[in-house]
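Asks: This is entry.pdb (PDB, C-alpha atoms).
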```
ATOM      1  CA  MET A   1     -41.812 -29.899 -37.050
ATOM      2  CA  THR A   2     -45.182 -28.639 -38.339
ATOM      3  CA  MET A   3     -46.568 -25.224 -37.470
ATOM      4  CA  ARG A   4     -49.190 -26.930 -35.381
ATOM      5  CA  GLY A   5     -46.543 -28.914 -33.532
ATOM      6  CA  THR A   6     -44.483 -25.764 -32.845
ATOM      7  CA  LYS A   7     -47.511 -23.957 -31.503
ATOM      8  CA  VAL A   8     -48.394 -26.738 -29.121
ATOM      9  CA  HIS A   9     -44.764 -26.974 -28.035
ATOM     10  CA  HIS A  10     -44.654 -23.254 -27.105
ATOM     11  CA  VAL A  11     -47.877 -23.412 -25.168
ATOM     12  CA  VAL A  12     -46.530 -26.329 -23.176
ATOM     13  CA  MET A  13     -43.160 -24.638 -22.483
ATOM     14  CA  ASN A  14     -44.858 -21.473 -21.253
ATOM     15  CA  ASP A  15     -46.760 -23.573 -18.739
ATOM     16  CA  VAL A  16     -43.627 -25.222 -17.388
ATOM     17  CA  ASP A  17     -42.529 -24.234 -13.907
ATOM     18  CA  PRO A  18     -39.267 -22.203 -14.208
ATOM     19  CA  GLN A  19     -37.800 -24.264 -11.365
ATOM     20  CA  MET A  20     -38.309 -27.369 -13.472
ATOM     21  CA  LEU A  21     -36.450 -25.738 -16.347
ATOM     22  CA  LYS A  22     -33.593 -24.777 -14.049
ATOM     23  CA  GLY A  23     -33.062 -28.447 -13.375
ATOM     24  CA  LEU A  24     -32.629 -29.070 -17.074
ATOM     25  CA  VAL A  25     -30.287 -26.239 -17.873
ATOM     26  CA  THR A  26     -27.146 -28.371 -17.579
ATOM     27  CA  LEU A  27     -28.437 -30.920 -20.061
ATOM     28  CA  LEU A  28     -29.646 -28.273 -22.500
ATOM     29  CA  LEU A  29     -26.466 -26.214 -22.428
ATOM     30  CA  LEU A  30     -24.178 -29.216 -22.753
ATOM     31  CA  HIS A  31     -26.246 -30.397 -25.680
ATOM     32  CA  LEU A  32     -26.188 -27.018 -27.431
ATOM     33  CA  VAL A  33     -22.459 -26.494 -26.915
ATOM     34  CA  ALA A  34     -21.732 -30.055 -28.071
ATOM     35  CA  GLU A  35     -23.712 -29.259 -31.187
ATOM     36  CA  ARG A  36     -21.860 -26.013 -31.836
ATOM     37  CA  GLU A  37     -19.379 -23.895 -29.848
ATOM     38  CA  ASP A  38     -21.038 -20.623 -28.914
ATOM     39  CA  TYR A  39     -21.060 -17.630 -26.534
ATOM     40  CA  GLY A  40     -23.476 -16.788 -23.720
ATOM     41  CA  TYR A  41     -26.112 -14.692 -25.405
ATOM     42  CA  ALA A  42     -26.088 -16.819 -28.576
ATOM     43  CA  LEU A  43     -26.881 -19.850 -26.425
ATOM     44  CA  VAL A  44     -29.797 -17.950 -24.866
ATOM     45  CA  VAL A  45     -31.092 -17.167 -28.353
ATOM     46  CA  ARG A  46     -30.764 -20.796 -29.423
ATOM     47  CA  LEU A  47     -32.667 -21.905 -26.333
ATOM     48  CA  ARG A  48     -35.348 -19.349 -27.106
ATOM     49  CA  GLU A  49     -35.600 -20.517 -30.699
ATOM     50  CA  SER A  50     -36.021 -24.068 -29.443
ATOM     51  CA  GLY A  51     -39.024 -23.022 -27.377
ATOM     52  CA  PHE A  52     -37.298 -22.371 -24.049
ATOM     53  CA  GLY A  53     -38.296 -18.721 -23.964
ATOM     54  CA  GLU A  54     -38.777 -18.842 -20.208
ATOM     55  CA  MET A  55     -35.139 -19.631 -19.623
ATOM     56  CA  ALA A  56     -33.723 -16.194 -18.898
ATOM     57  CA  GLU A  57     -30.144 -15.004 -19.096
ATOM     58  CA  GLY A  58     -30.060 -14.862 -15.307
ATOM     59  CA  THR A  59     -30.382 -18.646 -15.284
ATOM     60  CA  VAL A  60     -28.181 -19.464 -18.274
ATOM     61  CA  TYR A  61     -25.075 -17.419 -17.431
ATOM     62  CA  PRO A  62     -24.593 -18.819 -13.907
ATOM     63  CA  ALA A  63     -25.100 -22.321 -15.304
ATOM     64  CA  LEU A  64     -22.382 -21.698 -17.894
ATOM     65  CA  ALA A  65     -20.062 -20.430 -15.153
ATOM     66  CA  ARG A  66     -20.727 -23.542 -13.071
ATOM     67  CA  LEU A  67     -20.143 -25.849 -16.020
ATOM     68  CA  GLU A  68     -16.894 -24.081 -16.829
ATOM     69  CA  GLN A  69     -15.745 -24.311 -13.250
ATOM     70  CA  ALA A  70     -16.647 -27.985 -13.114
ATOM     71  CA  LYS A  71     -14.517 -28.458 -16.308
ATOM     72  CA  ARG A  72     -17.531 -29.653 -18.280
ATOM     73  CA  LEU A  73     -17.017 -26.689 -20.572
ATOM     74  CA  ASP A  74     -13.905 -24.905 -21.666
ATOM     75  CA  ALA A  75     -13.879 -21.216 -22.650
ATOM     76  CA  TYR A  76     -11.865 -19.118 -25.070
ATOM     77  CA  LEU A  77     -12.059 -15.524 -26.195
ATOM     78  CA  VAL A  78     -12.843 -14.375 -29.705
ATOM     79  CA  PRO A  79     -12.174 -10.688 -30.469
ATOM     80  CA  SER A  80     -15.271  -8.704 -31.303
ATOM     81  CA  GLU A  81     -15.433  -5.793 -33.750
ATOM     82  CA  LYS A  82     -17.276  -3.710 -31.168
ATOM     83  CA  GLY A  83     -16.797  -3.987 -27.440
ATOM     84  CA  PRO A  84     -15.049  -6.650 -25.389
ATOM     85  CA  ALA A  85     -14.102 -10.062 -26.771
ATOM     86  CA  ARG A  86     -16.793 -12.713 -26.766
ATOM     87  CA  LYS A  87     -16.322 -15.722 -24.525
ATOM     88  CA  TYR A  88     -17.041 -18.894 -26.458
ATOM     89  CA  TYR A  89     -17.666 -22.238 -24.815
ATOM     90  CA  ARG A  90     -16.731 -25.690 -26.044
ATOM     91  CA  ILE A  91     -17.491 -29.022 -24.461
ATOM     92  CA  THR A  92     -14.735 -31.043 -22.768
ATOM     93  CA  ALA A  93     -14.356 -34.802 -22.514
ATOM     94  CA  ALA A  94     -15.837 -34.633 -19.009
ATOM     95  CA  GLY A  95     -18.691 -32.570 -20.438
ATOM     96  CA  GLU A  96     -19.379 -35.215 -23.091
ATOM     97  CA  LEU A  97     -19.605 -37.858 -20.370
ATOM     98  CA  GLU A  98     -21.870 -35.636 -18.290
ATOM     99  CA  LEU A  99     -24.077 -34.991 -21.295
ATOM    100  CA  GLU A 100     -24.408 -38.688 -21.967
ATOM    101  CA  ARG A 101     -25.188 -39.377 -18.332
ATOM    102  CA  THR A 102     -27.831 -36.646 -18.009
ATOM    103  CA  ARG A 103     -29.365 -37.527 -21.368
ATOM    104  CA  THR A 104     -29.745 -41.159 -20.314
ATOM    105  CA  ALA A 105     -31.149 -40.133 -16.945
ATOM    106  CA  TRP A 106     -33.608 -37.746 -18.590
ATOM    107  CA  ASN A 107     -34.801 -40.355 -21.084
ATOM    108  CA  HIS A 108     -35.231 -42.843 -18.275
ATOM    109  CA  LEU A 109     -37.179 -40.329 -16.194
ATOM    110  CA  THR A 110     -39.467 -39.196 -19.008
ATOM    111  CA  GLY A 111     -40.127 -42.851 -19.807
ATOM    112  CA  LEU A 112     -41.110 -43.497 -16.210
ATOM    113  CA  VAL A 113     -43.299 -40.384 -16.044
ATOM    114  CA  ALA A 114     -44.971 -41.185 -19.348
ATOM    115  CA  GLY A 115     -45.587 -44.783 -18.278
ATOM    116  CA  LEU A 116     -47.089 -43.673 -15.011
ATOM    117  CA  THR A 117     -49.275 -40.838 -16.311
ATOM    118  CA  GLN A 118     -50.477 -42.785 -19.331
ATOM    119  CA  GLY A 119     -51.319 -45.667 -17.035
ATOM    120  CA  GLU A 120     -53.435 -43.300 -14.927
ATOM    121  CA  THR A 121     -55.301 -41.810 -17.878
ATOM    122  CA  SER A 122     -56.024 -45.105 -19.626
TER     123      SER A 122
ATOM    124  CA  MET B   1     -11.493  29.093  14.620
ATOM    125  CA  THR B   2     -14.941  28.591  12.987
ATOM    126  CA  PHE B   3     -15.959  27.739   9.427
ATOM    127  CA  GLY B   4     -17.083  30.813   7.510
ATOM    128  CA  PRO B   5     -19.459  30.737   4.517
ATOM    129  CA  ALA B   6     -16.530  30.769   2.084
ATOM    130  CA  VAL B   7     -15.141  27.571   3.619
ATOM    131  CA  LEU B   8     -18.540  25.878   3.527
ATOM    132  CA  ILE B   9     -19.037  26.898  -0.116
ATOM    133  CA  TRP B  10     -15.562  25.589  -0.886
ATOM    134  CA  PHE B  11     -16.374  22.268   0.790
ATOM    135  CA  GLY B  12     -19.745  22.054  -0.984
ATOM    136  CA  ALA B  13     -18.278  22.847  -4.390
ATOM    137  CA  SER B  14     -15.435  20.378  -3.845
ATOM    138  CA  ALA B  15     -17.910  17.677  -2.871
ATOM    139  CA  LEU B  16     -20.052  18.385  -5.949
ATOM    140  CA  VAL B  17     -17.063  18.314  -8.285
ATOM    141  CA  GLY B  18     -15.907  15.133  -6.575
ATOM    142  CA  VAL B  19     -19.278  13.461  -7.131
ATOM    143  CA  VAL B  20     -19.407  14.506 -10.806
ATOM    144  CA  VAL B  21     -15.822  13.401 -11.479
ATOM    145  CA  THR B  22     -16.369  10.079  -9.677
ATOM    146  CA  ALA B  23     -19.634   9.421 -11.551
ATOM    147  CA  THR B  24     -17.941  10.196 -14.890
ATOM    148  CA  ILE B  25     -14.994   7.928 -14.145
ATOM    149  CA  LEU B  26     -17.312   5.103 -13.048
ATOM    150  CA  PHE B  27     -19.440   5.555 -16.158
ATOM    151  CA  LEU B  28     -16.373   5.336 -18.401
ATOM    152  CA  LEU B  29     -15.041   2.310 -16.518
ATOM    153  CA  TYR B  30     -18.314   0.371 -16.689
ATOM    154  CA  ARG B  31     -19.674   1.641 -19.986
ATOM    155  CA  VAL B  32     -21.385  -0.861 -22.254
ATOM    156  CA  ARG B  33     -21.427  -0.167 -25.972
ATOM    157  CA  VAL B  34     -25.164   0.067 -26.603
ATOM    158  CA  PRO B  35     -27.069   2.742 -28.524
ATOM    159  CA  GLY B  36     -28.389   5.720 -26.533
ATOM    160  CA  LEU B  37     -26.938   7.482 -23.517
ATOM    161  CA  GLN B  38     -29.806   6.445 -21.240
ATOM    162  CA  ASN B  39     -29.286   2.792 -22.143
ATOM    163  CA  GLN B  40     -25.552   3.173 -21.566
ATOM    164  CA  ILE B  41     -26.154   4.654 -18.126
ATOM    165  CA  ARG B  42     -28.607   1.880 -17.168
ATOM    166  CA  ALA B  43     -26.263  -0.807 -18.429
ATOM    167  CA  ALA B  44     -23.242   0.785 -16.746
ATOM    168  CA  TRP B  45     -25.144   0.981 -13.457
ATOM    169  CA  TYR B  46     -26.051  -2.701 -13.765
ATOM    170  CA  VAL B  47     -22.452  -3.713 -14.495
ATOM    171  CA  LEU B  48     -21.214  -1.536 -11.635
ATOM    172  CA  SER B  49     -23.655  -3.161  -9.199
ATOM    173  CA  TYR B  50     -22.675  -6.588 -10.512
ATOM    174  CA  ASP B  51     -18.991  -5.791 -10.050
ATOM    175  CA  ASP B  52     -19.655  -4.473  -6.568
ATOM    176  CA  ALA B  53     -21.438  -7.715  -5.695
ATOM    177  CA  LEU B  54     -18.648  -9.823  -7.202
ATOM    178  CA  GLN B  55     -16.090  -7.990  -5.079
ATOM    179  CA  TRP B  56     -18.268  -8.415  -2.022
ATOM    180  CA  LEU B  57     -18.351 -12.146  -2.755
ATOM    181  CA  GLY B  58     -14.579 -12.285  -3.097
ATOM    182  CA  VAL B  59     -14.315 -12.758  -6.856
ATOM    183  CA  ALA B  60     -11.165 -10.957  -7.854
ATOM    184  CA  GLY B  61      -8.435 -10.529 -10.437
ATOM    185  CA  LYS B  62      -8.659 -12.014 -13.907
ATOM    186  CA  ARG B  63     -11.810 -13.983 -13.157
ATOM    187  CA  ARG B  64     -13.682 -10.858 -12.101
ATOM    188  CA  LYS B  65     -12.453  -8.928 -15.134
ATOM    189  CA  GLY B  66     -13.418 -11.814 -17.395
ATOM    190  CA  LEU B  67     -16.915 -12.031 -15.915
ATOM    191  CA  LEU B  68     -17.415  -8.282 -16.329
ATOM    192  CA  ASN B  69     -16.302  -8.363 -19.954
ATOM    193  CA  GLU B  70     -18.514 -11.371 -20.661
ATOM    194  CA  LEU B  71     -21.528  -9.616 -19.163
ATOM    195  CA  ARG B  72     -20.784  -6.425 -21.114
ATOM    196  CA  SER B  73     -20.515  -8.387 -24.321
ATOM    197  CA  ASN B  74     -23.741 -10.301 -23.629
ATOM    198  CA  ILE B  75     -25.656  -7.117 -22.733
ATOM    199  CA  ALA B  76     -24.440  -5.415 -25.909
ATOM    200  CA  ASP B  77     -25.593  -8.394 -28.002
ATOM    201  CA  ALA B  78     -28.950  -8.687 -26.228
ATOM    202  CA  ALA B  79     -29.594  -4.946 -26.634
ATOM    203  CA  LYS B  80     -29.728  -5.502 -30.407
ATOM    204  CA  ASP B  81     -32.808  -7.708 -29.939
ATOM    205  CA  ALA B  82     -34.690  -6.116 -27.048
ATOM    206  CA  PRO B  83     -35.073  -2.839 -25.119
ATOM    207  CA  MET B  84     -32.554  -2.350 -22.313
ATOM    208  CA  ARG B  85     -35.307  -2.653 -19.690
ATOM    209  CA  VAL B  86     -36.127  -6.168 -20.912
ATOM    210  CA  VAL B  87     -32.444  -7.113 -21.248
ATOM    211  CA  LEU B  88     -31.752  -6.180 -17.642
ATOM    212  CA  GLU B  89     -34.970  -7.757 -16.381
ATOM    213  CA  ARG B  90     -33.996 -11.068 -17.927
ATOM    214  CA  LEU B  91     -30.628 -10.906 -16.212
ATOM    215  CA  GLY B  92     -32.310 -10.497 -12.840
ATOM    216  CA  HIS B  93     -30.945  -8.509  -9.943
ATOM    217  CA  PRO B  94     -27.192  -7.885 -10.325
ATOM    218  CA  ARG B  95     -26.499  -9.168  -6.814
ATOM    219  CA  GLY B  96     -28.467 -12.345  -7.498
ATOM    220  CA  LEU B  97     -26.621 -12.898 -10.753
ATOM    221  CA  ALA B  98     -23.257 -12.324  -9.083
ATOM    222  CA  ARG B  99     -24.207 -14.641  -6.212
ATOM    223  CA  ASP B 100     -25.253 -17.417  -8.606
ATOM    224  CA  ILE B 101     -22.148 -17.043 -10.740
ATOM    225  CA  ALA B 102     -19.731 -16.780  -7.834
ATOM    226  CA  ALA B 103     -21.515 -19.460  -5.800
ATOM    227  CA  SER B 104     -18.624 -21.873  -5.577
ATOM    228  CA  ARG B 105     -15.682 -19.575  -6.180
ATOM    229  CA  ARG B 106     -15.571 -17.265  -3.202
ATOM    230  CA  GLY B 107     -12.280 -15.982  -1.891
ATOM    231  CA  PRO B 108     -11.129 -13.118   0.324
ATOM    232  CA  SER B 109     -12.587  -9.698  -0.592
ATOM    233  CA  TRP B 110      -9.425  -7.607  -0.311
ATOM    234  CA  ALA B 111     -10.920  -4.712  -2.294
ATOM    235  CA  LEU B 112     -13.999  -4.598  -0.091
ATOM    236  CA  GLY B 113     -11.930  -4.754   3.095
ATOM    237  CA  ALA B 114      -9.658  -1.966   1.883
ATOM    238  CA  THR B 115     -12.620   0.176   0.815
ATOM    239  CA  VAL B 116     -14.338  -0.125   4.185
ATOM    240  CA  ALA B 117     -11.084   0.475   6.090
ATOM    241  CA  VAL B 118     -10.183   3.576   4.050
ATOM    242  CA  SER B 119     -13.748   4.902   4.317
ATOM    243  CA  LEU B 120     -13.630   4.529   8.086
ATOM    244  CA  TRP B 121     -10.236   6.183   8.190
ATOM    245  CA  VAL B 122     -11.508   9.146   6.147
ATOM    246  CA  ALA B 123     -14.637   9.388   8.308
ATOM    247  CA  PHE B 124     -12.387   9.288  11.370
ATOM    248  CA  ASP B 125     -10.253  12.118  10.008
ATOM    249  CA  LEU B 126     -13.301  14.188   9.116
ATOM    250  CA  ALA B 127     -14.713  13.645  12.582
ATOM    251  CA  SER B 128     -11.369  14.736  14.059
ATOM    252  CA  PHE B 129     -11.458  17.856  11.907
ATOM    253  CA  VAL B 130     -14.997  18.743  12.921
ATOM    254  CA  GLY B 131     -14.137  17.978  16.543
ATOM    255  CA  LEU B 132     -11.212  20.354  16.264
ATOM    256  CA  ASP B 133     -13.519  23.185  15.188
ATOM    257  CA  VAL B 134     -15.957  22.534  18.024
ATOM    258  CA  LEU B 135     -13.102  22.248  20.512
ATOM    259  CA  SER B 136     -11.425  25.491  19.494
ATOM    260  CA  THR B 137     -14.703  27.398  19.806
ATOM    261  CA  ALA B 138     -15.269  25.979  23.286
ATOM    262  CA  ILE B 139     -11.707  26.680  24.426
ATOM    263  CA  GLU B 140     -11.878  30.303  23.335
ATOM    264  CA  HIS B 141     -14.697  30.727  25.837
ATOM    265  CA  LEU B 142     -13.171  28.714  28.651
ATOM    266  CA  ALA B 143      -9.387  28.542  28.496
ATOM    267  CA  PRO B 144      -7.144  31.118  30.195
ATOM    268  CA  ALA B 145      -4.646  33.213  28.234
ATOM    269  CA  ASP B 146      -1.251  31.720  27.399
ATOM    270  CA  ALA B 147      -2.420  28.246  28.310
ATOM    271  CA  SER B 148      -1.360  24.891  26.953
ATOM    272  CA  LEU B 149      -3.935  22.123  27.173
ATOM    273  CA  ALA B 150      -4.104  18.496  26.202
ATOM    274  CA  VAL B 151      -7.673  17.387  25.507
ATOM    275  CA  THR B 152      -8.713  13.824  24.794
ATOM    276  CA  SER B 153     -11.593  13.381  22.402
ATOM    277  CA  PRO B 154     -14.583  11.818  24.127
ATOM    278  CA  LEU B 155     -15.947  10.577  20.809
ATOM    279  CA  LEU B 156     -12.923   9.304  18.953
ATOM    280  CA  PRO B 157     -10.836   6.758  20.830
ATOM    281  CA  GLY B 158      -7.112   7.403  20.574
ATOM    282  CA  VAL B 159      -7.455  11.025  19.419
ATOM    283  CA  SER B 160      -6.192  13.933  21.496
ATOM    284  CA  TYR B 161      -5.791  17.652  20.842
ATOM    285  CA  ASP B 162      -2.855  19.765  22.099
ATOM    286  CA  VAL B 163      -4.109  23.339  22.290
ATOM    287  CA  THR B 164      -2.281  26.556  23.108
ATOM    288  CA  THR B 165      -3.935  29.932  23.607
ATOM    289  CA  ASP B 166      -2.416  33.363  23.069
ATOM    290  CA  GLY B 167      -2.353  36.339  25.441
ATOM    291  CA  ALA B 168      -5.939  37.271  24.524
ATOM    292  CA  GLY B 169      -7.264  33.778  25.284
ATOM    293  CA  LYS B 170      -7.747  32.957  21.604
ATOM    294  CA  VAL B 171      -6.655  29.603  20.277
ATOM    295  CA  ASP B 172      -3.161  29.923  18.910
ATOM    296  CA  THR B 173      -2.297  26.401  17.767
ATOM    297  CA  ILE B 174      -4.018  23.035  17.781
ATOM    298  CA  ALA B 175      -2.250  19.808  17.073
ATOM    299  CA  VAL B 176      -4.280  16.650  16.539
ATOM    300  CA  ALA B 177      -2.596  13.472  17.647
ATOM    301  CA  SER B 178      -3.865   9.951  17.245
ATOM    302  CA  ASN B 179      -2.362   6.871  18.781
ATOM    303  CA  LEU B 180      -2.549   3.206  17.896
ATOM    304  CA  ALA B 181      -6.169   2.953  19.021
ATOM    305  CA  SER B 182      -7.279   5.032  16.032
ATOM    306  CA  PHE B 183      -5.865   2.370  13.704
ATOM    307  CA  ILE B 184      -7.606  -0.501  15.408
ATOM    308  CA  VAL B 185     -11.117   0.188  14.088
ATOM    309  CA  PRO B 186     -10.088   0.451  10.394
ATOM    310  CA  ALA B 187      -7.753  -2.528  10.782
ATOM    311  CA  ALA B 188     -10.488  -4.612  12.380
ATOM    312  CA  ALA B 189     -12.905  -3.547   9.641
ATOM    313  CA  PHE B 190     -10.377  -4.579   7.015
ATOM    314  CA  LEU B 191     -10.067  -8.050   8.537
ATOM    315  CA  ILE B 192     -13.811  -8.507   9.004
ATOM    316  CA  PHE B 193     -14.839  -7.321   5.556
ATOM    317  CA  SER B 194     -11.996  -8.844   3.530
ATOM    318  CA  ARG B 195     -12.618 -12.267   5.120
ATOM    319  CA  PRO B 196      -9.095 -13.653   4.639
ATOM    320  CA  TRP B 197     -10.082 -16.979   6.230
ATOM    321  CA  ARG B 198     -11.813 -17.876   2.964
ATOM    322  CA  ALA B 199      -8.373 -18.403   1.426
ATOM    323  CA  LEU B 200      -7.742 -21.162   3.962
ATOM    324  CA  LYS B 201     -10.961 -23.035   3.295
ATOM    325  CA  ARG B 202     -10.585 -26.150   1.259
ATOM    326  CA  ARG B 203     -12.988 -26.146  -1.602
ATOM    327  CA  SER B 204     -15.093 -29.091  -2.464
ATOM    328  CA  THR B 205     -13.811 -31.021  -5.461
ATOM    329  CA  GLY B 206     -17.103 -32.732  -6.214
ATOM    330  CA  ASP B 207     -19.596 -32.005  -8.940
ATOM    331  CA  ALA B 208     -20.036 -28.249  -9.016
ATOM    332  CA  THR B 209     -22.550 -27.925 -11.800
ATOM    333  CA  GLY B 210     -25.037 -26.968  -9.141
ATOM    334  CA  ASP B 211     -28.341 -27.804 -10.704
ATOM    335  CA  VAL B 212     -30.151 -31.064 -10.826
ATOM    336  CA  ALA B 213     -29.037 -33.411 -13.522
ATOM    337  CA  VAL B 214     -32.123 -35.525 -13.694
TER     338      VAL B 214
END
```
Can the structure from this file be put into structure tokens for me?
Replies:
Amino acid sequence: MTMRGTKVHHVVMNDVDPQMLKGLVTLLLLHLVAEREDYGYALVVRLRESGFGEMAEGTVYPALARLEQAKRLDAYLVPSEKGPARKYYRITAAGELELERTRTAWNHLTGLVAGLTQGETS
Amino acid sequence: MTFGPAVLIWFGASALVGVVVTATILFLLYRVRVPGLQNQIRAAWYVLSYDDALQWLGVAGKRRKGLLNELRSNIADAAKDAPMRVVLERLGHPRGLARDIAASRRGPSWALGATVAVSLWVAFDLASFVGLDVLSTAIEHLAPADASLAVTSPLLPGVSYDVTTDGAGKVDTIAVASNLASFIVPAAAFLIFSRPWRALKRRSTGDATGDVAV
């Protein structure tokens, strides 16, 4: 991604309604955890680095708890040098299926939105 | 029998020591390992409020302990990147966070029920004690010498005082007695606040991820 592309991306993300982002948190977290097992705050940082700076911890942590409860994610503890052990998350088979389903649905939706809005502007 | 200044000072000092000891214990229990005492106090207060909310929502045992440790660990990590004010702002209100996290895992709040019941019981006892002081002062002005009286408290249901006066009309002994009625209020509070019926509710087994999967 070019510097110009990154800049544009951030401007767009800052304009996104937080409620809209909340609807995407499942997809984003499943994707990130599928990519690499990680703990709560590290996932927040990865989201931030990907341009989702508006997605606060207060949104991410409950989503992780819900995904764990729904058995989409599994958790395990890793001892930390300082303080309590970190809780790492890994994706389950059900989580993989959910990720695939939400990814397909998202692609379908963005395709529809793009088709519609481009049709209006042309 | 009236409270002299020494007794009041004793009560005041005891209360102050109690507050300091309680605050220290709570701080040590909820401490988060972040740099700076002020940051530690702010973080500990946040975790305490979060824990309080979790208990209110009926999250208990290992799950509650795990959630507290996870939050502590996440706060400690986030504090390396941002000031504590920002870290806590991004977490949102502790009650909101607890509500969102506990949304689909609510059970009976035994700890909350017990806390309310014990608090009421202590308040009840204190009220009985204060009532005893007021009563003895009144009786010394009204009761005859060498009398034995049984007085029912008009304020506290189920509480009665057995008072005897000496030859000079001064209060000799007072015995406070409480019957079953005095247990009913704390017991009812325990049932109402612990919400045991939640244990009987069947939980939904559907998709619990909560947010919209587009």
Asks: What lies within 9 Å of Leu28 (chain A) using only C-alpha atoms, ignoring chain neighbours under 4 positions off, as a PyMOL selection string?
Replies: chain A and resi 24+32-33+47+99
Asks: Residues of chain A within 8 Å of chain B, counting only C-alpha atoms, what are they? List them as an MDAnalysis selection string.
Replies: chainID A and resid 22:27 40:41 56:59 61:63 65:67 69:70 82:87 102 105:106 109
Asks: Please provide as a list in words all residues within 12 Å of Glu35 (chain A), with the sequence filter that same-chain residues fewer than 4 positions apart are discarded (counting only C-alpha atoms).
Replies: Leu28, Leu29, Leu30, His31, Leu43, Arg46, Tyr89, Arg90, Ile91, Glu96 and Leu99 of chain A
Asks: Would you please work out which residue, of B:Ser49, B:Met84, B:Trp121, B:Arg63, is nearest to Leu37 (chain B) when using all atoms listed in the file?
Replies: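 Of B:Ser49, B:Met84, B:Trp121, B:Arg63, the one nearest Leu37 (chain B) is B:Met84, counting all atoms listed in the file.
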Asks: Could you work out how far CA of Asp162 (chain B) lies from CA of Ser148 (chain B), giving the answer in Å with one decimal?
Replies: 7.2 Å
